[in-house]
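This is final20.cif (mmCIF, C-alpha atoms and all ligand atoms).
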```cif
data_upload
loop_
_atom_site.label_atom_id
_atom_site.label_comp_id
_atom_site.auth_asym_id
_atom_site.auth_seq_id
_atom_site.Cartn_x
_atom_site.Cartn_y
_atom_site.Cartn_z
CA MET A 1 -0.96 10.44 12.82
CA THR A 2 0.23 8.18 10.03
CA ARG A 3 -1.48 4.81 9.98
CA LEU A 4 0.43 1.60 9.45
CA SER A 5 -1.22 -0.84 7.08
CA VAL A 6 0.57 -4.18 7.02
CA ASN A 7 0.79 -5.79 3.61
CA ILE A 8 0.41 -9.53 4.24
CA ASN A 9 1.24 -10.75 0.72
CA LYS A 10 4.50 -12.32 1.89
CA VAL A 11 2.64 -14.36 4.48
CA ALA A 12 0.43 -15.75 1.73
CA LEU A 13 3.50 -16.47 -0.41
CA LEU A 14 4.98 -18.58 2.39
CA ARG A 15 1.68 -20.39 2.88
CA ASN A 16 1.35 -21.13 -0.84
CA SER A 17 4.88 -22.52 -1.07
CA ARG A 18 3.73 -25.67 0.72
CA GLY A 19 0.15 -25.75 -0.48
CA GLY A 20 -1.32 -25.96 3.03
CA LYS A 21 -2.66 -23.43 5.50
CA LEU A 22 0.55 -22.58 7.36
CA PRO A 23 1.18 -19.81 8.24
CA ASN A 24 -2.48 -19.03 8.80
CA LEU A 25 -3.06 -15.84 6.83
CA PHE A 26 -6.25 -14.99 8.67
CA GLN A 27 -4.73 -15.39 12.11
CA VAL A 28 -1.79 -13.25 11.01
CA ALA A 29 -4.19 -10.51 9.87
CA LYS A 30 -5.98 -10.63 13.23
CA ASP A 31 -2.71 -10.58 15.13
CA CYS A 32 -1.31 -7.65 13.14
CA GLU A 33 -4.33 -5.66 14.27
CA TYR A 34 -4.06 -6.94 17.81
CA PHE A 35 -0.41 -5.82 17.87
CA GLY A 36 -1.43 -2.33 16.82
CA ALA A 37 -1.48 -2.15 13.01
CA GLN A 38 -4.18 0.22 11.83
CA GLY A 39 -4.83 -1.54 8.56
CA ILE A 40 -4.31 -4.67 6.48
CA THR A 41 -3.29 -4.48 2.83
CA VAL A 42 -3.45 -7.21 0.23
CA HIS A 43 -2.43 -7.15 -3.39
CA PRO A 44 -4.02 -10.03 -5.28
CA ARG A 45 -2.24 -10.51 -8.59
CA PRO A 46 -3.72 -12.36 -11.55
CA ASP A 47 -1.44 -15.41 -11.06
CA GLU A 48 -2.51 -15.59 -7.36
CA ARG A 49 1.04 -16.37 -6.35
CA HIS A 50 0.47 -14.88 -2.92
CA ILE A 51 -2.97 -13.53 -2.02
CA ARG A 52 -5.68 -15.60 -3.73
CA TYR A 53 -8.96 -14.16 -4.83
CA SER A 54 -10.62 -16.62 -2.42
CA ASP A 55 -8.71 -15.07 0.53
CA ILE A 56 -10.45 -11.75 0.11
CA ALA A 57 -13.95 -12.49 1.45
CA PRO A 58 -12.75 -14.14 4.71
CA LEU A 59 -10.21 -11.35 5.20
CA GLY A 60 -12.93 -8.77 4.67
CA LYS A 61 -14.87 -10.30 7.56
CA ILE A 62 -11.84 -10.50 9.84
CA VAL A 63 -10.26 -7.08 9.34
CA LYS A 64 -11.66 -4.66 11.87
CA THR A 65 -9.36 -1.70 11.20
CA GLU A 66 -8.94 -0.67 7.56
CA PHE A 67 -8.95 -3.14 4.70
CA ASN A 68 -7.02 -1.97 1.64
CA ILE A 69 -7.01 -3.96 -1.58
CA GLU A 70 -4.40 -3.02 -4.16
CA GLY A 71 -4.22 -4.01 -7.77
CA ASN A 72 -4.56 -3.30 -11.43
CA PRO A 73 -8.21 -2.40 -12.09
CA THR A 74 -9.02 -5.13 -14.58
CA ARG A 75 -12.67 -6.12 -14.74
CA SER A 76 -12.09 -9.14 -12.51
CA PHE A 77 -10.21 -7.01 -9.96
CA LEU A 78 -12.96 -4.38 -9.93
CA ASP A 79 -15.64 -7.05 -9.48
CA LEU A 80 -13.69 -8.56 -6.59
CA VAL A 81 -13.36 -5.17 -4.90
CA LEU A 82 -16.99 -4.23 -5.48
CA LYS A 83 -18.16 -7.55 -4.06
CA ASN A 84 -16.04 -7.26 -0.93
CA LYS A 85 -16.23 -3.53 -0.33
CA PRO A 86 -12.94 -2.79 1.44
CA HIS A 87 -12.45 0.62 3.01
CA GLN A 88 -9.94 1.53 0.34
CA ALA A 89 -8.89 0.35 -3.11
CA THR A 90 -5.41 1.33 -4.26
CA LEU A 91 -5.17 1.19 -8.02
CA VAL A 92 -1.81 0.17 -9.45
CA PRO A 93 -0.81 -0.07 -13.14
CA ASP A 94 1.19 -3.29 -12.87
CA ASP A 95 1.51 -5.96 -15.53
CA PRO A 96 0.04 -9.42 -14.80
CA GLY A 97 3.38 -11.17 -14.23
CA GLN A 98 5.22 -8.27 -12.63
CA LEU A 99 7.45 -9.16 -9.66
CA THR A 100 6.37 -6.05 -7.77
CA SER A 101 4.90 -2.64 -8.57
CA ASP A 102 7.63 -0.31 -9.72
CA SER A 103 5.92 2.73 -11.19
CA GLY A 104 2.70 4.65 -10.87
CA TRP A 105 -0.08 5.87 -13.12
CA ASP A 106 0.25 8.54 -15.72
CA THR A 107 -2.87 10.22 -14.36
CA ILE A 108 -2.97 12.58 -17.34
CA LYS A 109 -2.67 10.08 -20.17
CA ASP A 110 -5.00 7.59 -18.41
CA LYS A 111 -7.44 10.26 -17.30
CA ASP A 112 -10.58 8.86 -18.92
CA PHE A 113 -10.02 5.30 -17.75
CA LEU A 114 -9.13 6.40 -14.21
CA THR A 115 -12.11 8.73 -14.03
CA ASP A 116 -14.45 5.84 -14.88
CA VAL A 117 -13.01 3.28 -12.49
CA THR A 118 -12.67 5.81 -9.67
CA ALA A 119 -16.32 6.82 -10.06
CA GLU A 120 -17.42 3.18 -10.11
CA LEU A 121 -15.60 2.37 -6.86
CA LYS A 122 -16.58 5.58 -5.12
CA ALA A 123 -20.23 5.01 -5.98
CA ALA A 124 -19.94 1.79 -3.94
CA GLY A 125 -18.57 3.76 -0.97
CA ILE A 126 -14.97 2.66 -1.46
CA ARG A 127 -12.19 5.19 -1.00
CA VAL A 128 -9.90 5.31 -4.03
CA SER A 129 -6.16 5.85 -3.92
CA LEU A 130 -3.97 6.01 -7.02
CA PHE A 131 -0.39 4.77 -6.98
CA VAL A 132 1.79 7.49 -8.54
CA ASP A 133 5.42 8.41 -8.97
CA PRO A 134 6.33 11.56 -7.03
CA GLU A 135 5.68 14.10 -9.77
CA GLU A 136 3.43 17.07 -9.18
CA LYS A 137 1.60 16.69 -12.50
CA TYR A 138 0.43 13.23 -11.39
CA VAL A 139 -0.93 14.64 -8.12
CA GLU A 140 -2.95 17.21 -10.05
CA GLY A 141 -4.04 14.47 -12.46
CA ALA A 142 -5.18 12.25 -9.58
CA LYS A 143 -7.24 15.08 -8.17
CA ALA A 144 -8.77 15.73 -11.61
CA VAL A 145 -9.97 12.12 -11.99
CA GLY A 146 -11.72 12.29 -8.62
CA ALA A 147 -9.43 10.10 -6.51
CA ASP A 148 -9.53 10.55 -2.74
CA ARG A 149 -5.86 9.88 -2.25
CA ILE A 150 -2.56 9.21 -3.94
CA GLU A 151 -0.10 6.57 -2.85
CA LEU A 152 3.40 7.86 -3.53
CA TYR A 153 5.74 5.18 -4.87
CA THR A 154 8.68 5.16 -2.46
CA GLY A 155 10.89 2.59 -4.19
CA LYS A 156 13.33 5.17 -5.59
CA TYR A 157 13.32 7.09 -2.30
CA ALA A 158 14.39 3.91 -0.51
CA GLU A 159 17.03 3.18 -3.13
CA ASN A 160 18.59 6.64 -2.83
CA TYR A 161 18.08 7.15 0.89
CA ARG A 162 21.63 6.38 1.99
CA ALA A 163 23.31 8.38 -0.75
CA ASP A 164 21.34 11.59 -0.13
CA ARG A 165 18.13 11.36 1.86
CA GLU A 166 17.24 15.05 1.53
CA LYS A 167 17.42 14.79 -2.24
CA ALA A 168 15.60 11.45 -2.23
CA VAL A 169 12.64 12.85 -0.30
CA SER A 170 12.36 16.28 -1.92
CA SER A 171 9.96 15.36 -4.74
CA HIS A 172 7.79 13.46 -2.25
CA ALA A 173 7.61 16.42 0.12
CA ALA A 174 6.68 18.72 -2.78
CA CYS A 175 3.94 16.34 -3.92
CA ALA A 176 2.57 16.03 -0.39
CA LYS A 177 2.45 19.80 -0.07
CA LEU A 178 0.65 20.15 -3.37
CA ALA A 179 -1.73 17.36 -2.39
CA GLU A 180 -2.70 19.31 0.70
CA GLN A 181 -3.29 22.45 -1.38
CA VAL A 182 -5.50 20.72 -3.94
CA GLY A 183 -7.31 18.63 -1.33
CA ILE A 184 -6.24 15.04 -1.89
CA GLY A 185 -4.93 12.67 0.79
CA VAL A 186 -1.44 11.16 0.79
CA ASN A 187 -0.44 7.53 1.36
CA ALA A 188 2.94 6.01 0.55
CA GLY A 189 4.47 2.63 0.02
CA HIS A 190 7.17 0.39 -1.35
CA ASP A 191 10.48 -0.53 0.25
CA LEU A 192 9.82 1.50 3.37
CA ASN A 193 11.71 0.02 6.31
CA LEU A 194 12.99 0.63 9.82
CA GLU A 195 15.86 2.71 8.47
CA ASN A 196 14.12 5.06 6.05
CA LEU A 197 10.61 5.41 7.49
CA ALA A 198 11.05 7.99 10.27
CA PHE A 199 12.74 10.52 8.00
CA TYR A 200 10.05 10.11 5.36
CA ARG A 201 7.34 10.59 7.95
CA GLN A 202 9.08 13.67 9.30
CA LYS A 203 9.28 15.28 5.85
CA LEU A 204 5.65 14.61 4.91
CA PRO A 205 3.58 15.94 7.82
CA ASN A 206 0.29 15.17 6.06
CA LEU A 207 1.14 11.52 5.36
CA LEU A 208 -2.03 9.57 6.20
CA GLU A 209 -0.96 5.98 5.71
CA VAL A 210 1.95 3.75 4.78
CA SER A 211 1.56 0.20 3.58
CA ILE A 212 4.56 -1.96 4.34
CA GLY A 213 5.10 -5.61 3.56
CA HIS A 214 8.45 -6.95 2.46
CA ALA A 215 10.73 -5.32 5.03
CA LEU A 216 8.27 -5.66 7.90
CA ILE A 217 7.73 -9.38 7.39
CA SER A 218 11.50 -9.85 6.96
CA ASP A 219 12.14 -7.97 10.22
CA ALA A 220 9.57 -10.17 11.94
CA LEU A 221 11.85 -13.18 11.32
CA TYR A 222 14.30 -11.62 13.74
CA TYR A 223 12.19 -9.56 16.14
CA GLY A 224 8.87 -11.40 16.00
CA LEU A 225 5.69 -9.91 14.56
CA GLU A 226 4.51 -8.12 17.69
CA THR A 227 7.80 -6.36 18.41
CA THR A 228 8.29 -5.52 14.74
CA ILE A 229 4.89 -3.88 14.40
CA LYS A 230 5.51 -1.88 17.55
CA MET A 231 8.90 -0.76 16.19
CA TYR A 232 7.27 0.52 13.00
CA LEU A 233 4.47 2.20 14.94
CA ARG A 234 6.99 4.03 17.10
CA LEU A 235 8.60 5.49 13.96
CA LEU A 236 5.26 6.78 12.79
CA ARG A 237 4.33 8.65 15.93
N1 LIG A 301 2.26 -0.30 -2.39
C1 LIG A 301 2.09 -1.02 -3.52
C2 LIG A 301 1.25 -0.43 -4.59
C3 LIG A 301 2.67 -2.29 -3.68
O1 LIG A 301 2.50 -2.96 -4.80
C4 LIG A 301 3.44 -2.81 -2.62
C5 LIG A 301 4.02 -4.18 -2.77
O2 LIG A 301 3.01 -5.12 -2.87
C6 LIG A 301 3.59 -2.03 -1.46
C7 LIG A 301 3.00 -0.79 -1.38
C8 LIG A 301 4.39 -2.52 -0.30
O3 LIG A 301 5.74 -2.60 -0.66
P1 LIG A 301 6.76 -3.39 0.24
O4 LIG A 301 6.35 -4.84 0.21
O5 LIG A 301 8.08 -3.14 -0.41
O6 LIG A 301 6.67 -2.82 1.63
#
```
Would it be possible to restate this file's structure as C-alpha cells?
Amino acid sequence: MTRLSVNINKVALLRNSRGGKLPNLFQVAKDCEYFGAQGITVHPRPDERHIRYSDIAPLGKIVKTEFNIEGNPTRSFLDLVLKNKPHQATLVPDDPGQLTSDSGWDTIKDKDFLTDVTAELKAAGIRVSLFVDPEEKYVEGAKAVGADRIELYTGKYAENYRADREKAVSSHAACAKLAEQVGIGVNAGHDLNLENLAFYRQKLPNLLEVSIGHALISDALYYGLETTIKMYLRLLR
C-alpha cells in the first residue's frame, strides 16, 4: 500500500494571507486524517510564508497518523525537528527564498554533511528521507549516508507525463527497483495529481508514500476536501 501524506502548506499560505486563523490549519490536519489521509506533511521555510515554526509543536500533538517535516537541514531546522520528533524528516536542499523545491541532493558530493545530519536525526528516533532526482547514483549515495528512504522528485515526471508517460516514469521505476535491491525505502512527491498518480503508483510497486499538496488542495476547491482525499486514496490502492 502507498500512503498518502497531505502537504498542508497551501492551507497555511491562505491563512497567512489575512493574518488571522482562517482556515484553521490544525482542524484541517485533523480532518485530513479523519477523511483517510495516512500522514500530514509540512515544509517550514525560513521566511515562514506558509507553515510557521510555531505551527509545528501543536501539529505534532494533533497528528495521529504520520507526521513528516520537510526542509533544508539548517541548524534551526534540525533543532526544530529534534524538539518535535516527527515520525519522518525529509531533507531537501532548497534555497531560503525558493518558490518550491525543484531538485534533489547530490548524495555523493554532499556525503559527509548528509551522513552527519542523518545520524543526528536517526539517533533521536526520526526516520530520514532524502529528496533526490531520479538517478541511480543518488539512490546508492542515499543508502551510503545511512538514510532510511529516498523521496523521488516527481516534478519532471509530471511535466513530461502527457508527452510520453512511459519515458517520464522510466528513471523513477529504475531507481525504485535499485532502492529495493539495496534496501532503502521509496517515497515520492512534487506535482503529483489526479491525472498522473495512478500510473506512477502502478510503475513503482514498492512506493511507500507520496506527499501531495498543491494539486490536492486545488482539487479540494472543486470537490471538497473529503471527496478529494478519497479520490487520491482510490488511485493509490
Ligand atoms: N516534496 C517536497 C520535498 C516538496 O518540497 C513539496 C512541495 O512543498 C512536495 C513534495 C509536494 O509537492 P506538491 O505541492 O507539488 O504536491
Next on the checklist: To check your reading of the model: which residues sit at most 6 Å from ligand LIG 301 (chain A) when counting only C-alpha atoms and all ligand atoms? Write the answer as a PyMOL selection string.
Outcome noted: chain A and resi 43+92+100-101+131+189-192+211-215
Proximity of segment 1-41 of chain A to segment 57-71 of chain A: per-residue shortest pair, 9 Å limit, all atoms listed in the file, as a Markdown table:
```
| residue | atom | partner | partner_atom | distance |
| --- | --- | --- | --- | --- |
| A:Ser5 | CA | A:Glu66 | CA | 7.7 |
| A:Asn7 | CA | A:Asn68 | CA | 8.9 |
| A:Leu25 | CA | A:Leu59 | CA | 8.6 |
| A:Phe26 | CA | A:Leu59 | CA | 6.4 |
| A:Gln27 | CA | A:Ile62 | CA | 8.9 |
| A:Ala29 | CA | A:Val63 | CA | 7.0 |
| A:Lys30 | CA | A:Ile62 | CA | 6.8 |
| A:Glu33 | CA | A:Thr65 | CA | 7.1 |
| A:Ala37 | CA | A:Thr65 | CA | 8.1 |
| A:Gln38 | CA | A:Thr65 | CA | 5.6 |
| A:Gly39 | CA | A:Glu66 | CA | 4.3 |
| A:Ile40 | CA | A:Phe67 | CA | 5.2 |
| A:Thr41 | CA | A:Asn68 | CA | 4.7 |
```
Can I get the residues of segment 89-163 of chain A within 10 Å of segment 200-207 of chain A, each with the closest pair of atoms and their distance in Å to one decimal, using all atoms listed in the file, sorted chain first then ascending number, as JSON lines?
```
{"residue": "A:Glu151", "atom": "CA", "partner": "A:Leu207", "partner_atom": "CA", "distance": 9.7}
{"residue": "A:Leu152", "atom": "CA", "partner": "A:Leu207", "partner_atom": "CA", "distance": 9.9}
{"residue": "A:Thr154", "atom": "CA", "partner": "A:Tyr200", "partner_atom": "CA", "distance": 9.4}
{"residue": "A:Tyr157", "atom": "CA", "partner": "A:Tyr200", "partner_atom": "CA", "distance": 8.9}
{"residue": "A:Ala158", "atom": "CA", "partner": "A:Tyr200", "partner_atom": "CA", "distance": 9.6}
{"residue": "A:Tyr161", "atom": "CA", "partner": "A:Tyr200", "partner_atom": "CA", "distance": 9.7}
```
I need the chosen residues saved as a JSON list (two decimals), in the coordinates of the input, with C-alpha atoms.
```
[["chain", "number", "residue", "atom", "x", "y", "z"],
["A", 151, "GLU", "CA", -0.10, 6.57, -2.85],
["A", 152, "LEU", "CA", 3.40, 7.86, -3.53],
["A", 154, "THR", "CA", 8.68, 5.16, -2.46],
["A", 157, "TYR", "CA", 13.32, 7.09, -2.30],
["A", 158, "ALA", "CA", 14.39, 3.91, -0.51],
["A", 161, "TYR", "CA", 18.08, 7.15, 0.89]]
```
Checklist entry - Got a sec: who's within 12 Å of Leu121 of chain A, counting all atoms listed in the file, leaving out chain neighbours fewer than 4 positions off, as a PyMOL selection string? => result chain A and resi 69+73+75+77-91+114-117+125-129+146-148
Compile the contact shell of Ala12 of chain A as a compact mmCIF listing (two decimals) with C-alpha atoms, keeping the file's coordinate frame: residues with an atom at most 12 Å away, counting all atoms listed in the file, same-chain residues fewer than 6 positions apart removed.
```txt
# COMPACT_ATOMS: atom_id res chain seq x y z
CA ARG A 18 3.73 -25.67 0.72
CA GLY A 19 0.15 -25.75 -0.48
CA GLY A 20 -1.32 -25.96 3.03
CA LYS A 21 -2.66 -23.43 5.50
CA LEU A 22 0.55 -22.58 7.36
CA PRO A 23 1.18 -19.81 8.24
CA ASN A 24 -2.48 -19.03 8.80
CA LEU A 25 -3.06 -15.84 6.83
CA PHE A 26 -6.25 -14.99 8.67
CA GLN A 27 -4.73 -15.39 12.11
CA VAL A 28 -1.79 -13.25 11.01
CA ALA A 29 -4.19 -10.51 9.87
CA THR A 41 -3.29 -4.48 2.83
CA VAL A 42 -3.45 -7.21 0.23
CA HIS A 43 -2.43 -7.15 -3.39
CA PRO A 44 -4.02 -10.03 -5.28
CA ARG A 45 -2.24 -10.51 -8.59
CA GLU A 48 -2.51 -15.59 -7.36
CA ARG A 49 1.04 -16.37 -6.35
CA HIS A 50 0.47 -14.88 -2.92
CA ILE A 51 -2.97 -13.53 -2.02
CA ARG A 52 -5.68 -15.60 -3.73
CA TYR A 53 -8.96 -14.16 -4.83
CA SER A 54 -10.62 -16.62 -2.42
CA ASP A 55 -8.71 -15.07 0.53
CA ILE A 56 -10.45 -11.75 0.11
CA GLY A 213 5.10 -5.61 3.56
CA HIS A 214 8.45 -6.95 2.46
CA ILE A 217 7.73 -9.38 7.39
```
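Computed from the coordinates, the atom CA of Leu236 of chain A to atom CA of Val210 of chain A distance equals 9.2 Å.
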Next on the checklist: I'd like the contact shell of Thr227 of chain A - 12 Å cut-off, all atoms listed in the file, skipping same-chain residues fewer than 5 positions apart - returned as a list in words.
Outcome noted: Asp31, Cys32, Tyr34, Phe35, Gly36, Ala37, Leu216, Ile217, Asp219, Ala220, Leu221, Tyr222, Tyr232, Leu233 and Arg234 of chain A
Checklist entry - Can you tell me how far atom CA of Ala142 of chain A sits from atom CA of Gln181 of chain A, in Å to one decimal? => result 13.2 Å
Checklist entry - Quick one: of A:Ile8, A:Val182, A:Leu99, A:Leu194, who's nearest to Arg149 of chain A, counting all atoms listed in the file? => result A:Val182
Item to check | Pick from A:Leu197, A:Asp47, A:Lys137, A:Thr118, whichever lies nearest to Asp95 of chain A using all atoms listed in the file | outcome: A:Asp47
4 Å per side around segment 96-99 of chain A: axis-aligned box centre and edge lengths, as lines of an AutoDock Vina configuration file:
```
center_x = 3.7
center_y = -9.7
center_z = -12.2
size_x = 15.4
size_y = 10.9
size_z = 13.1
```
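Counting from atom CA of Gly97 of chain A, the distance to atom CA of Ser171 of chain A is 28.9 Å.
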